[in-house]
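Engineer: Data file my_file_34.cif (mmCIF, C-alpha atoms) is appended below.
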data_structure
loop_
_atom_site.label_atom_id
_atom_site.label_comp_id
_atom_site.auth_asym_id
_atom_site.auth_seq_id
_atom_site.Cartn_x
_atom_site.Cartn_y
_atom_site.Cartn_z
CA ILE D 1 16.85 71.97 2.04
CA GLU D 2 13.70 72.07 0.02
CA GLY D 3 10.41 72.13 1.83
CA ASN D 4 9.66 73.01 5.40
CA TYR D 5 12.36 72.72 8.02
CA LEU D 6 11.22 70.07 10.49
CA GLY D 7 13.97 70.39 13.03
CA THR D 8 16.63 67.96 14.27
CA ASN D 9 16.13 64.42 15.60
CA ASP D 10 19.33 63.11 17.12
CA ALA D 11 17.98 59.59 17.58
CA GLU D 12 17.06 59.28 13.92
CA TYR D 13 20.42 60.72 12.90
CA GLU D 14 22.31 58.13 14.97
CA ARG D 15 20.15 55.34 13.56
CA MET D 16 20.97 56.49 10.04
CA LEU D 17 24.69 56.53 10.78
CA ASN D 18 24.43 52.97 12.12
CA HIS D 19 22.58 51.83 9.00
CA GLY D 20 19.39 51.25 10.95
CA ILE D 21 15.86 51.47 9.59
CA THR D 22 13.35 53.92 11.00
CA TYR D 23 10.07 52.35 12.06
CA PRO D 24 6.88 54.25 12.90
CA ASN D 25 6.32 54.90 16.54
CA GLY D 26 3.53 56.19 18.66
CA LEU D 27 0.17 56.53 16.93
CA GLU D 28 1.74 55.80 13.53
CA SER D 29 2.43 52.22 14.59
CA TRP D 30 -1.30 51.51 14.59
CA THR D 31 -1.72 52.28 10.91
CA ARG D 32 1.70 51.90 9.28
CA ARG D 33 3.99 48.91 9.43
CA LYS D 34 6.49 49.50 6.64
CA PRO D 35 9.90 51.00 7.50
CA LEU D 36 10.62 54.61 6.46
CA LEU D 37 13.62 55.38 4.29
CA VAL D 38 14.52 59.06 3.84
CA CYS D 39 17.34 59.73 1.39
CA ASN D 40 18.38 62.05 -1.42
CA ILE D 41 19.21 61.11 -5.01
CA ASP D 42 22.88 60.39 -4.38
CA GLU D 43 22.08 58.17 -1.43
CA LEU D 44 19.35 56.34 -3.32
CA SER D 45 21.72 55.50 -6.18
CA ASN D 46 23.96 53.59 -3.75
CA PHE D 47 21.19 51.34 -2.44
CA ILE D 48 21.55 47.58 -3.05
CA THR D 49 18.45 45.39 -3.00
CA VAL D 50 19.03 41.84 -1.76
CA PRO D 51 16.27 39.34 -2.65
CA SER D 52 14.92 36.82 -0.17
CA ILE D 53 17.07 33.79 0.54
CA ASP D 54 14.65 31.54 -1.35
CA SER D 55 15.47 33.43 -4.55
CA LEU D 56 19.24 33.11 -4.22
CA PRO D 57 21.30 30.40 -5.95
CA LYS D 58 22.33 27.48 -3.76
CA ALA D 59 25.93 28.68 -3.51
CA SER D 60 24.76 32.10 -2.34
CA ARG D 61 22.47 30.62 0.29
CA GLY D 62 25.41 28.88 1.94
CA GLY D 63 27.26 32.20 2.22
CA THR D 64 24.47 34.00 4.04
CA GLY D 65 25.43 32.51 7.38
CA GLY D 66 21.83 31.54 8.08
CA MET D 67 20.53 28.36 9.65
CA PRO D 68 20.79 25.14 7.58
CA THR D 69 17.03 25.10 7.03
CA ALA D 70 17.20 28.61 5.61
CA GLN D 71 20.16 27.77 3.38
CA SER D 72 18.36 24.75 1.88
CA PRO D 73 14.62 25.40 2.09
CA LEU D 74 12.17 22.71 0.93
CA THR D 75 10.57 24.36 -2.04
CA SER D 76 7.13 23.36 -3.26
CA PRO D 77 7.01 20.82 -6.14
CA ASN D 78 5.41 21.89 -9.38
CA GLU D 79 1.83 21.05 -10.27
CA GLU D 80 2.76 18.05 -12.43
CA VAL D 81 4.34 16.36 -9.42
CA PHE D 82 1.26 16.97 -7.28
CA LYS D 83 -1.00 15.60 -10.02
CA GLU D 84 0.99 12.36 -9.97
CA PHE D 85 0.10 11.93 -6.29
CA SER D 86 -3.40 13.39 -6.25
CA LYS D 87 -5.63 10.33 -5.70
CA GLY D 88 -5.35 7.10 -3.76
CA MET D 89 -4.09 6.34 -0.27
CA THR D 90 -3.41 9.78 1.19
CA ILE D 91 -0.35 9.56 3.43
CA GLY D 92 -0.07 13.20 4.51
CA HIS D 93 0.95 16.64 3.35
CA ALA D 94 4.15 17.51 1.53
CA VAL D 95 6.74 19.10 3.83
CA THR D 96 7.56 22.26 1.89
CA ALA D 97 8.22 25.94 2.45
CA LEU D 98 4.48 26.49 1.94
CA ARG D 99 3.71 25.29 5.45
CA ASP D 100 3.59 27.95 8.10
CA HIS D 101 6.44 27.13 10.47
CA SER D 102 4.67 28.96 13.28
CA ASP D 103 2.11 26.14 13.44
CA LYS D 104 2.62 23.67 16.24
CA PRO D 105 3.02 20.03 15.15
CA ASP D 106 0.02 18.99 17.25
CA ASP D 107 -2.15 21.62 15.58
CA ILE D 108 -1.05 20.55 12.10
CA SER D 109 -2.18 16.94 12.60
CA THR D 110 -5.34 17.62 14.61
CA ILE D 111 -8.63 17.19 12.72
CA GLU D 112 -11.72 17.92 14.76
CA THR D 113 -14.61 17.60 12.29
CA LYS D 114 -15.63 15.33 9.43
CA ASN D 115 -15.72 18.21 6.95
CA GLU D 116 -12.22 19.21 7.95
CA TRP D 117 -11.03 15.66 7.22
CA TRP D 118 -12.50 15.77 3.71
CA ASN D 119 -11.03 19.25 3.22
CA HIS D 120 -7.53 17.98 4.03
CA LEU D 121 -7.80 15.42 1.23
CA SER D 122 -8.55 18.13 -1.33
CA GLN D 123 -5.65 20.39 -0.39
CA ARG D 124 -2.97 20.99 -3.00
CA ASP D 125 -0.09 19.56 -0.98
CA ALA D 126 -1.90 16.35 0.07
CA LEU D 127 0.10 13.38 -1.21
CA SER D 128 -1.67 10.17 -2.25
CA LEU D 129 -0.33 6.84 -3.50
CA SER D 130 -2.22 5.29 -6.40
CA ALA D 131 -2.84 1.57 -6.91
CA ASP D 132 0.24 1.43 -9.16
CA HIS D 133 2.41 2.87 -6.39
CA LEU D 134 1.03 0.38 -3.86
CA THR D 135 2.40 -2.60 -5.75
CA GLN D 136 5.57 -1.85 -3.77
CA HIS D 137 6.03 -2.17 -0.02
CA TYR D 138 5.19 0.91 2.04
CA ILE D 139 6.30 1.30 5.65
CA ARG D 140 5.40 3.98 8.18
CA ALA D 141 8.06 4.17 10.89
CA ALA D 142 8.12 6.49 13.89
CA THR D 143 8.69 6.50 17.63
CA THR D 144 6.14 5.30 20.17
CA GLY D 145 3.25 7.72 20.60
CA SER D 146 3.96 9.66 17.41
CA GLY D 147 0.66 8.68 15.77
CA LYS D 148 1.42 5.66 13.58
CA THR D 149 -1.90 4.01 14.43
CA VAL D 150 -3.94 7.11 13.64
CA ALA D 151 -2.01 7.62 10.41
CA THR D 152 -2.60 4.00 9.38
CA ILE D 153 -6.34 4.38 9.98
CA ASN D 154 -6.27 7.47 7.78
CA ASP D 155 -4.39 5.47 5.14
CA MET D 156 -7.14 2.84 5.13
CA LEU D 157 -9.99 5.36 5.09
CA THR D 158 -8.57 7.18 2.08
CA THR D 159 -7.80 3.88 0.36
CA HIS D 160 -11.42 2.79 0.80
CA ASN D 161 -12.61 6.13 -0.57
CA ASP D 162 -10.40 6.39 -3.65
CA LEU D 163 -9.26 2.88 -4.62
CA GLU D 164 -11.07 -0.30 -5.59
CA GLY D 165 -10.67 -3.73 -4.05
CA PRO D 166 -10.41 -4.98 -0.48
CA THR D 167 -8.18 -3.44 2.17
CA ILE D 168 -7.05 -5.70 5.01
CA LEU D 169 -6.13 -4.43 8.47
CA ILE D 170 -4.26 -6.80 10.77
CA ASP D 171 -3.76 -5.72 14.38
CA PRO D 172 -1.31 -8.18 15.98
CA LYS D 173 -1.25 -6.30 19.29
CA ASP D 174 -4.88 -7.09 20.14
CA GLY D 175 -5.54 -3.39 20.73
CA GLU D 176 -8.41 -1.10 19.81
CA MET D 177 -7.18 -0.21 16.34
CA CYS D 178 -9.84 -2.27 14.54
CA GLU D 179 -12.66 -0.89 16.68
CA ASN D 180 -11.40 2.67 16.14
CA TYR D 181 -11.33 2.10 12.40
CA LEU D 182 -14.94 0.90 12.50
CA ARG D 183 -15.97 4.08 14.33
CA CYS D 184 -14.14 6.31 11.86
CA HIS D 185 -15.52 4.42 8.88
CA ARG D 186 -19.09 4.75 10.14
CA THR D 187 -18.62 8.47 10.80
CA LEU D 188 -17.23 9.22 7.34
CA PHE D 189 -19.19 6.82 5.14
CA GLY D 190 -22.42 6.42 7.11
CA ASN D 191 -22.32 2.65 7.74
CA VAL D 192 -20.08 -0.40 8.03
CA ASP D 193 -22.05 -2.67 5.70
CA ASP D 194 -19.04 -3.31 3.48
CA ILE D 195 -16.69 -4.27 6.33
CA GLU D 196 -15.98 -7.80 7.50
CA TYR D 197 -14.68 -7.75 11.08
CA ILE D 198 -12.95 -11.02 11.97
CA GLN D 199 -11.67 -11.69 15.45
CA ILE D 200 -8.99 -14.36 15.69
CA PRO D 201 -9.67 -16.71 17.29
CA GLU D 202 -13.43 -16.35 17.00
CA ALA D 203 -15.87 -17.02 19.82
CA ASP D 204 -15.92 -20.75 19.04
CA GLY D 205 -12.13 -20.90 18.89
CA MET D 206 -12.07 -21.33 15.11
CA VAL D 207 -9.51 -19.56 12.95
CA PRO D 208 -10.87 -18.46 9.55
CA GLY D 209 -8.92 -19.29 6.45
CA MET D 210 -9.01 -18.61 2.73
CA PRO D 211 -8.41 -21.53 0.34
CA PHE D 212 -5.43 -21.24 -1.94
CA PHE D 213 -7.19 -23.32 -4.58
CA ASP D 214 -10.06 -20.95 -5.32
CA LEU D 215 -11.27 -20.07 -8.82
CA ARG D 216 -13.85 -17.50 -7.74
CA PRO D 217 -11.58 -14.43 -7.49
CA LEU D 218 -10.32 -15.14 -11.01
CA THR D 219 -13.53 -16.23 -12.73
CA GLU D 220 -16.05 -14.03 -10.92
CA GLY D 221 -13.83 -11.15 -9.85
CA ALA D 222 -11.41 -10.85 -12.77
CA GLY D 223 -13.67 -12.35 -15.45
CA ARG D 224 -11.17 -14.96 -16.62
CA ALA D 225 -12.12 -18.17 -18.38
CA ARG D 226 -12.30 -21.22 -16.12
CA GLU D 227 -9.50 -23.08 -17.91
CA THR D 228 -7.23 -20.05 -17.77
CA ALA D 229 -7.97 -19.56 -14.08
CA LYS D 230 -7.16 -23.21 -13.34
CA GLN D 231 -3.81 -22.93 -15.08
CA ASP D 232 -2.98 -19.70 -13.25
CA ILE D 233 -3.56 -21.37 -9.88
CA ILE D 234 -1.53 -24.42 -10.88
CA ASP D 235 1.36 -22.21 -12.02
CA HIS D 236 1.17 -20.25 -8.77
CA TYR D 237 1.15 -23.46 -6.72
CA PHE D 238 4.29 -24.79 -8.38
CA GLN D 239 5.93 -21.42 -7.94
CA LEU D 240 5.36 -21.75 -4.20
CA LEU D 241 6.74 -25.29 -4.27
CA ARG D 242 9.92 -23.98 -5.88
CA PHE D 243 10.32 -21.47 -3.06
CA VAL D 244 9.77 -24.13 -0.39
CA LEU D 245 11.51 -27.16 -1.87
CA GLY D 246 13.95 -25.52 -4.23
CA LYS D 247 13.73 -25.09 -7.98
CA LYS D 248 15.97 -28.06 -8.78
CA THR D 249 14.01 -30.48 -6.57
CA VAL D 250 10.66 -29.53 -8.10
CA GLU D 251 11.87 -29.64 -11.69
CA GLN D 252 13.44 -33.08 -11.22
CA ALA D 253 10.11 -34.52 -10.04
CA PHE D 254 8.42 -33.89 -13.39
CA VAL D 255 6.34 -37.10 -13.23
CA ALA D 256 4.99 -36.20 -9.79
CA ASN D 257 4.29 -32.69 -11.09
CA GLU D 258 2.21 -34.14 -13.90
CA ILE D 259 0.12 -36.18 -11.45
CA LEU D 260 -0.38 -33.16 -9.17
CA THR D 261 -1.36 -30.95 -12.09
CA ASN D 262 -4.03 -33.35 -13.30
CA LEU D 263 -5.37 -34.05 -9.82
CA ILE D 264 -5.86 -30.30 -9.36
CA LYS D 265 -7.59 -30.04 -12.74
CA ALA D 266 -9.87 -32.95 -11.80
CA LEU D 267 -10.83 -31.37 -8.48
CA PHE D 268 -11.66 -28.15 -10.37
CA ASP D 269 -13.84 -30.06 -12.84
CA SER D 270 -16.81 -27.99 -14.00
CA GLU D 271 -19.34 -30.82 -13.45
CA HIS D 272 -17.97 -33.13 -10.78
CA GLY D 273 -15.51 -30.82 -9.02
CA LYS D 274 -15.78 -27.54 -7.12
CA ASP D 275 -14.78 -23.91 -7.53
CA TYR D 276 -12.56 -24.16 -4.46
CA PHE D 277 -10.99 -26.80 -2.25
CA SER D 278 -8.45 -26.99 0.55
CA ILE D 279 -4.91 -28.34 0.49
CA GLY D 280 -6.26 -31.15 2.68
CA GLU D 281 -8.68 -32.20 -0.06
CA LEU D 282 -5.83 -32.26 -2.56
CA MET D 283 -3.83 -34.41 -0.16
CA GLU D 284 -6.81 -36.75 0.24
CA ALA D 285 -7.14 -37.09 -3.54
CA ALA D 286 -3.43 -37.93 -3.82
CA GLN D 287 -3.72 -40.51 -1.03
CA LYS D 288 -6.68 -42.18 -2.75
CA PHE D 289 -4.78 -42.18 -6.02
CA GLN D 290 -1.95 -44.09 -4.34
CA LYS D 291 -4.13 -46.34 -2.17
CA PHE D 292 -6.41 -47.61 -4.93
CA GLY D 293 -3.95 -47.14 -7.76
CA LYS D 294 -1.53 -49.73 -6.39
CA GLN D 295 -4.39 -52.25 -6.43
CA VAL D 296 -4.93 -51.83 -10.17
CA GLU D 297 -3.32 -54.52 -12.29
CA ASP D 298 -5.49 -54.17 -15.37
CA LEU D 299 -7.46 -51.03 -16.26
CA ASP D 300 -10.35 -52.96 -17.79
CA LYS D 301 -10.65 -55.70 -15.19
CA ASP D 302 -10.11 -53.39 -12.21
CA TYR D 303 -12.16 -50.50 -13.56
CA GLU D 304 -14.14 -50.10 -10.33
CA THR D 305 -10.87 -49.58 -8.47
CA VAL D 306 -9.74 -47.12 -11.14
CA LEU D 307 -12.85 -45.03 -10.49
CA LYS D 308 -11.95 -44.91 -6.79
CA ALA D 309 -8.38 -43.86 -7.56
CA ILE D 310 -9.13 -41.04 -10.02
CA PRO D 311 -11.43 -38.10 -9.19
CA ARG D 312 -14.41 -37.87 -11.54
CA THR D 313 -13.93 -35.45 -14.41
CA VAL D 314 -15.39 -34.75 -17.83
CA ASP D 315 -11.92 -33.92 -19.14
CA THR D 316 -10.90 -37.09 -20.99
CA GLN D 317 -7.31 -35.89 -21.31
CA VAL D 318 -6.96 -35.61 -17.53
CA THR D 319 -8.43 -39.08 -17.08
CA SER D 320 -6.15 -40.54 -19.74
CA ILE D 321 -2.99 -39.07 -18.17
CA LEU D 322 -3.85 -40.32 -14.69
CA GLU D 323 -4.78 -43.78 -16.01
CA SER D 324 -1.43 -44.01 -17.79
CA HIS D 325 0.32 -43.80 -14.43
CA LEU D 326 -1.80 -46.65 -13.08
CA GLU D 327 -0.39 -48.92 -15.79
CA LYS D 328 3.16 -48.60 -14.50
CA ASP D 329 4.76 -51.34 -12.42
CA ALA D 330 4.01 -51.23 -8.70
CA ARG D 331 7.46 -50.07 -7.58
CA GLN D 332 7.64 -47.19 -10.06
CA PHE D 333 4.06 -46.19 -9.23
CA MET D 334 4.76 -46.10 -5.48
CA ASN D 335 7.94 -44.06 -5.93
CA THR D 336 6.09 -41.54 -8.06
CA THR D 337 3.10 -41.20 -5.76
CA ASP D 338 5.38 -40.96 -2.71
CA ALA D 339 6.99 -37.96 -4.41
CA VAL D 340 3.52 -36.48 -4.90
CA LEU D 341 2.62 -36.91 -1.23
CA ASN D 342 5.94 -35.51 -0.07
#
Can the structure in the file be given as structure tokens, please?

Structural biologist:
Amino acid sequence: IEGNYLGTNDAEYERMLNHGITYPNGLESWTRRKPLLVCNIDELSNFITVPSIDSLPKASRGGTGGMPTAQSPLTSPNEEVFKEFSKGMTIGHAVTALRDHSDKPDDISTIETKNEWWNHLSQRDALSLSADHLTQHYIRAATTGSGKTVATINDMLTTHNDLEGPTILIDPKDGEMCENYLRCHRTLFGNVDDIEYIQIPEADGMVPGMPFFDLRPLTEGAGRARETAKQDIIDHYFQLLRFVLGKKTVEQAFVANEILTNLIKALFDSEHGKDYFSIGELMEAAQKFQKFGKQVEDLDKDYETVLKAIPRTVDTQVTSILESHLEKDARQFMNTTDAVLN
């Protein structure tokens, strides 16, 4: 034996025979944590180094006899994947092997300060859905008390911060979700000036509504030409009719469709019409068209009645098409306008 003879340690000898590893004890344990391996050259040449289970091929993981989570760990996606989900509605953190499994679930989701909330958004494993991703349905499902409401509020806060356009929160349970969102929004963004809080029904019992026939989002919001916007709304309206009445029924009533189309164009007239109107106003225009139209026998002689039947418009083509229907015989006219009203 080269070096100084240190004596015999039976406990260490037994541990070596049983393939155990010697750890520091006593005062050494305060300064040294790594195990001690004492061996000669022949012994060292027979050592086999086994990498961590994360480095093993999938087939080798299954043969280790470890727990299922250890055999198939959730590895961290590469940077390109994280970049794809880096901005938008932040839905949480990626569940990967990067997360410390010693953390309690309650501690992982608890955010106590405003700065900590912003810091969570900037973390590498924070996953966000962009506006393109949100063209699809997104559902958050969990058991009662698991934090769906809090998570949804976070979804809306991050959407407001990173995406453009309105975000609508509907609370059908008449709970405190809307009020809690207002508090969070004020805390993070300083005010609630850009929030419209609508209680349904309102204090006077009224229920707010948004008109379907509204050019403003298209002309003012999207910058489309007025004529293009009108045609888009008309196309959308007939698409809804196909869903409700059936495609075959709508397409067979092509004469009624022509009357409806031109009534809508007349109500959207740039000089005599409006930028928006309700379905009730469209119904009223159709009723007047039938009521006064059936009284017209001659366009020239009954021109005053014609003016009552057709909404005022500067579009001569619209006027001409609607007048052509007034020239039909009474029975055909009534059948057509009944189809419009139905």

Engineer: Report as a ChimeraX atom specification the residues that result from applying the PyMOL selection byres ((chain D and resi 166-183) around 10) to the structure here.

Structural biologist: /D:149-150,152-154,156-157,159-160,163-165,184-188,190-192,194-200

Engineer: Counting only C-alpha atoms, what is within 8 Å of Leu299 of chain D, bar same-chain residues fewer than 4 positions away, as a list in words?

Structural biologist: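 Within the cut-off, the hits are Tyr303, Val306, Glu323, Leu326 and Glu327 of chain D.
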
Engineer: How many Å lie between atom CA of Trp117 of chain D and atom CA of Lys83 of chain D, rounded to one decimal?

Structural biologist: 19.9 Å

Engineer: For this file, the PyMOL selection byres ((chain D and resi 227-231) around 10) selects which residues, as a list in words?

Structural biologist: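 Here the PyMOL selection byres ((chain D and resi 227-231) around 10) matches Phe213, Asp214, Leu215, Arg216, Pro217, Leu218, Thr219, Ala222, Gly223, Arg224, Ala225, Arg226, Asp232, Ile233, Ile234, Asp235, His236, Tyr237, Thr261, Ile264, Lys265, Phe268, Asp269, Ser270 and Asp275 of chain D.
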
Engineer: Which polymer residues have any atom within 12 Å of an atom of Trp118 of chain D, counting all atoms listed in the file, with same-chain residues fewer than 4 positions away left out, as a VMD selection string?

Structural biologist: chain D and resid 90 111 to 114 122 to 123 126 154 157 to 158 161 187 to 189

Engineer: Would you list the residues near (2.0, 5.5, -0.8), meaning any protein, DNA or RNA residue with an atom at most 8 Å from that point in file coordinates, counting only C-alpha atoms, as a list in words?

Structural biologist: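 Neighbouring residues, ordered by chain and number, come to Met89, Thr90, Ile91, Ser128, Leu129, Ser130, His133, Leu134 and Tyr138 of chain D.
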
Engineer: Atom CA of Arg242 of chain D and atom CA of Gln287 of chain D, how far apart in Å?

Structural biologist: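 Distance reported for this atom pair: 22.0 Å.
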
Engineer: So what do you get for atom CA of Lys288 of chain D versus atom CA of Ile259 of chain D, distance-wise?

Structural biologist: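 Computing the Euclidean distance for atom CA of Lys288 of chain D and atom CA of Ile259 of chain D yields 12.6 Å.
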
Engineer: For Gly293 of chain D, please output as a short mmCIF file (atom, residue, chain, number, x, y, z; two decimals) with C-alpha atoms, in the frame of the given file all residues within 12 Å (counting all atoms listed in the file; exclusion window: fewer than 4 positions along the same chain).

Structural biologist:
data_model
loop_
_atom_site.label_atom_id
_atom_site.label_comp_id
_atom_site.auth_asym_id
_atom_site.auth_seq_id
_atom_site.Cartn_x
_atom_site.Cartn_y
_atom_site.Cartn_z
CA ALA D 285 -7.14 -37.09 -3.54
CA ALA D 286 -3.43 -37.93 -3.82
CA GLN D 287 -3.72 -40.51 -1.03
CA LYS D 288 -6.68 -42.18 -2.75
CA PHE D 289 -4.78 -42.18 -6.02
CA GLU D 297 -3.32 -54.52 -12.29
CA ASP D 298 -5.49 -54.17 -15.37
CA LEU D 299 -7.46 -51.03 -16.26
CA ASP D 302 -10.11 -53.39 -12.21
CA TYR D 303 -12.16 -50.50 -13.56
CA GLU D 304 -14.14 -50.10 -10.33
CA THR D 305 -10.87 -49.58 -8.47
CA VAL D 306 -9.74 -47.12 -11.14
CA LEU D 307 -12.85 -45.03 -10.49
CA LYS D 308 -11.95 -44.91 -6.79
CA ALA D 309 -8.38 -43.86 -7.56
CA ILE D 310 -9.13 -41.04 -10.02
CA PRO D 311 -11.43 -38.10 -9.19
CA LEU D 322 -3.85 -40.32 -14.69
CA GLU D 323 -4.78 -43.78 -16.01
CA SER D 324 -1.43 -44.01 -17.79
CA HIS D 325 0.32 -43.80 -14.43
CA LEU D 326 -1.80 -46.65 -13.08
CA GLU D 327 -0.39 -48.92 -15.79
CA LYS D 328 3.16 -48.60 -14.50
CA ASP D 329 4.76 -51.34 -12.42
CA ALA D 330 4.01 -51.23 -8.70
CA ARG D 331 7.46 -50.07 -7.58
CA GLN D 332 7.64 -47.19 -10.06
CA PHE D 333 4.06 -46.19 -9.23
CA MET D 334 4.76 -46.10 -5.48
CA THR D 336 6.09 -41.54 -8.06
CA THR D 337 3.10 -41.20 -5.76
#

Engineer: Report as a list in words the full result of the PyMOL selection byres ((chain D and resi 210) around 10) when it is applied to this structure.

Structural biologist: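 Against this file, the PyMOL selection byres ((chain D and resi 210) around 10) returns the residues Pro208, Gly209, Pro211, Phe212, Phe213, Asp214, Tyr276, Phe277 and Ser278 of chain D.
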
Engineer: List the spatial neighbours of Asn257 of chain D as a list in words - criterion: any atom at most 9 Å away, all atoms listed in the file, same-chain residues fewer than 4 positions off excluded.

Structural biologist: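 Surrounding residues, per the criterion: Phe238, Val250, Glu251, Ala253, Thr261, Asn262, Ala339 and Val340 of chain D.
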
Engineer: Since the input is missing atoms for segment 276-291 of chain D, could you rebuild it with N, CA and C atoms and give the result as an mmCIF file, in the frame of the given file?

Structural biologist:
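Written output follows (result-v2.cif):
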data_model
loop_
_atom_site.group_PDB
_atom_site.id
_atom_site.type_symbol
_atom_site.label_atom_id
_atom_site.label_comp_id
_atom_site.auth_asym_id
_atom_site.auth_seq_id
_atom_site.Cartn_x
_atom_site.Cartn_y
_atom_site.Cartn_z
ATOM 1 N N TYR D 276 -13.635 -24.341 -5.443
ATOM 2 C CA TYR D 276 -12.560 -24.160 -4.460
ATOM 3 C C TYR D 276 -12.425 -25.434 -3.633
ATOM 4 N N PHE D 277 -11.234 -25.673 -3.143
ATOM 5 C CA PHE D 277 -10.990 -26.800 -2.250
ATOM 6 C C PHE D 277 -9.743 -26.505 -1.433
ATOM 7 N N SER D 278 -9.570 -27.232 -0.358
ATOM 8 C CA SER D 278 -8.450 -26.990 0.550
ATOM 9 C C SER D 278 -7.253 -27.857 0.152
ATOM 10 N N ILE D 279 -6.110 -27.538 0.730
ATOM 11 C CA ILE D 279 -4.910 -28.340 0.490
ATOM 12 C C ILE D 279 -5.111 -29.744 1.065
ATOM 13 N N GLY D 280 -5.953 -29.839 2.108
ATOM 14 C CA GLY D 280 -6.260 -31.150 2.680
ATOM 15 C C GLY D 280 -7.021 -32.030 1.708
ATOM 16 N N GLU D 281 -7.925 -31.432 0.938
ATOM 17 C CA GLU D 281 -8.680 -32.200 -0.060
ATOM 18 C C GLU D 281 -7.769 -32.666 -1.190
ATOM 19 N N LEU D 282 -6.800 -31.832 -1.553
ATOM 20 C CA LEU D 282 -5.830 -32.260 -2.560
ATOM 21 C C LEU D 282 -4.985 -33.411 -2.032
ATOM 22 N N MET D 283 -4.589 -33.324 -0.777
ATOM 23 C CA MET D 283 -3.830 -34.410 -0.160
ATOM 24 C C MET D 283 -4.655 -35.699 -0.126
ATOM 25 N N GLU D 284 -5.932 -35.574 0.190
ATOM 26 C CA GLU D 284 -6.810 -36.750 0.240
ATOM 27 C C GLU D 284 -6.936 -37.388 -1.143
ATOM 28 N N ALA D 285 -7.045 -36.557 -2.178
ATOM 29 C CA ALA D 285 -7.140 -37.090 -3.540
ATOM 30 C C ALA D 285 -5.858 -37.819 -3.926
ATOM 31 N N ALA D 286 -4.702 -37.272 -3.521
ATOM 32 C CA ALA D 286 -3.430 -37.930 -3.820
ATOM 33 C C ALA D 286 -3.291 -39.245 -3.064
ATOM 34 N N GLN D 287 -3.779 -39.275 -1.821
ATOM 35 C CA GLN D 287 -3.720 -40.510 -1.030
ATOM 36 C C GLN D 287 -4.605 -41.598 -1.637
ATOM 37 N N LYS D 288 -5.794 -41.206 -2.099
ATOM 38 C CA LYS D 288 -6.680 -42.180 -2.750
ATOM 39 C C LYS D 288 -6.064 -42.689 -4.052
ATOM 40 N N PHE D 289 -5.411 -41.783 -4.769
ATOM 41 C CA PHE D 289 -4.780 -42.180 -6.020
ATOM 42 C C PHE D 289 -3.713 -43.247 -5.760
ATOM 43 N N GLN D 290 -2.963 -43.084 -4.676
ATOM 44 C CA GLN D 290 -1.950 -44.090 -4.340
ATOM 45 C C GLN D 290 -2.580 -45.356 -3.771
ATOM 46 N N LYS D 291 -3.539 -45.191 -2.858
ATOM 47 C CA LYS D 291 -4.130 -46.340 -2.170
ATOM 48 C C LYS D 291 -4.824 -47.290 -3.143
#
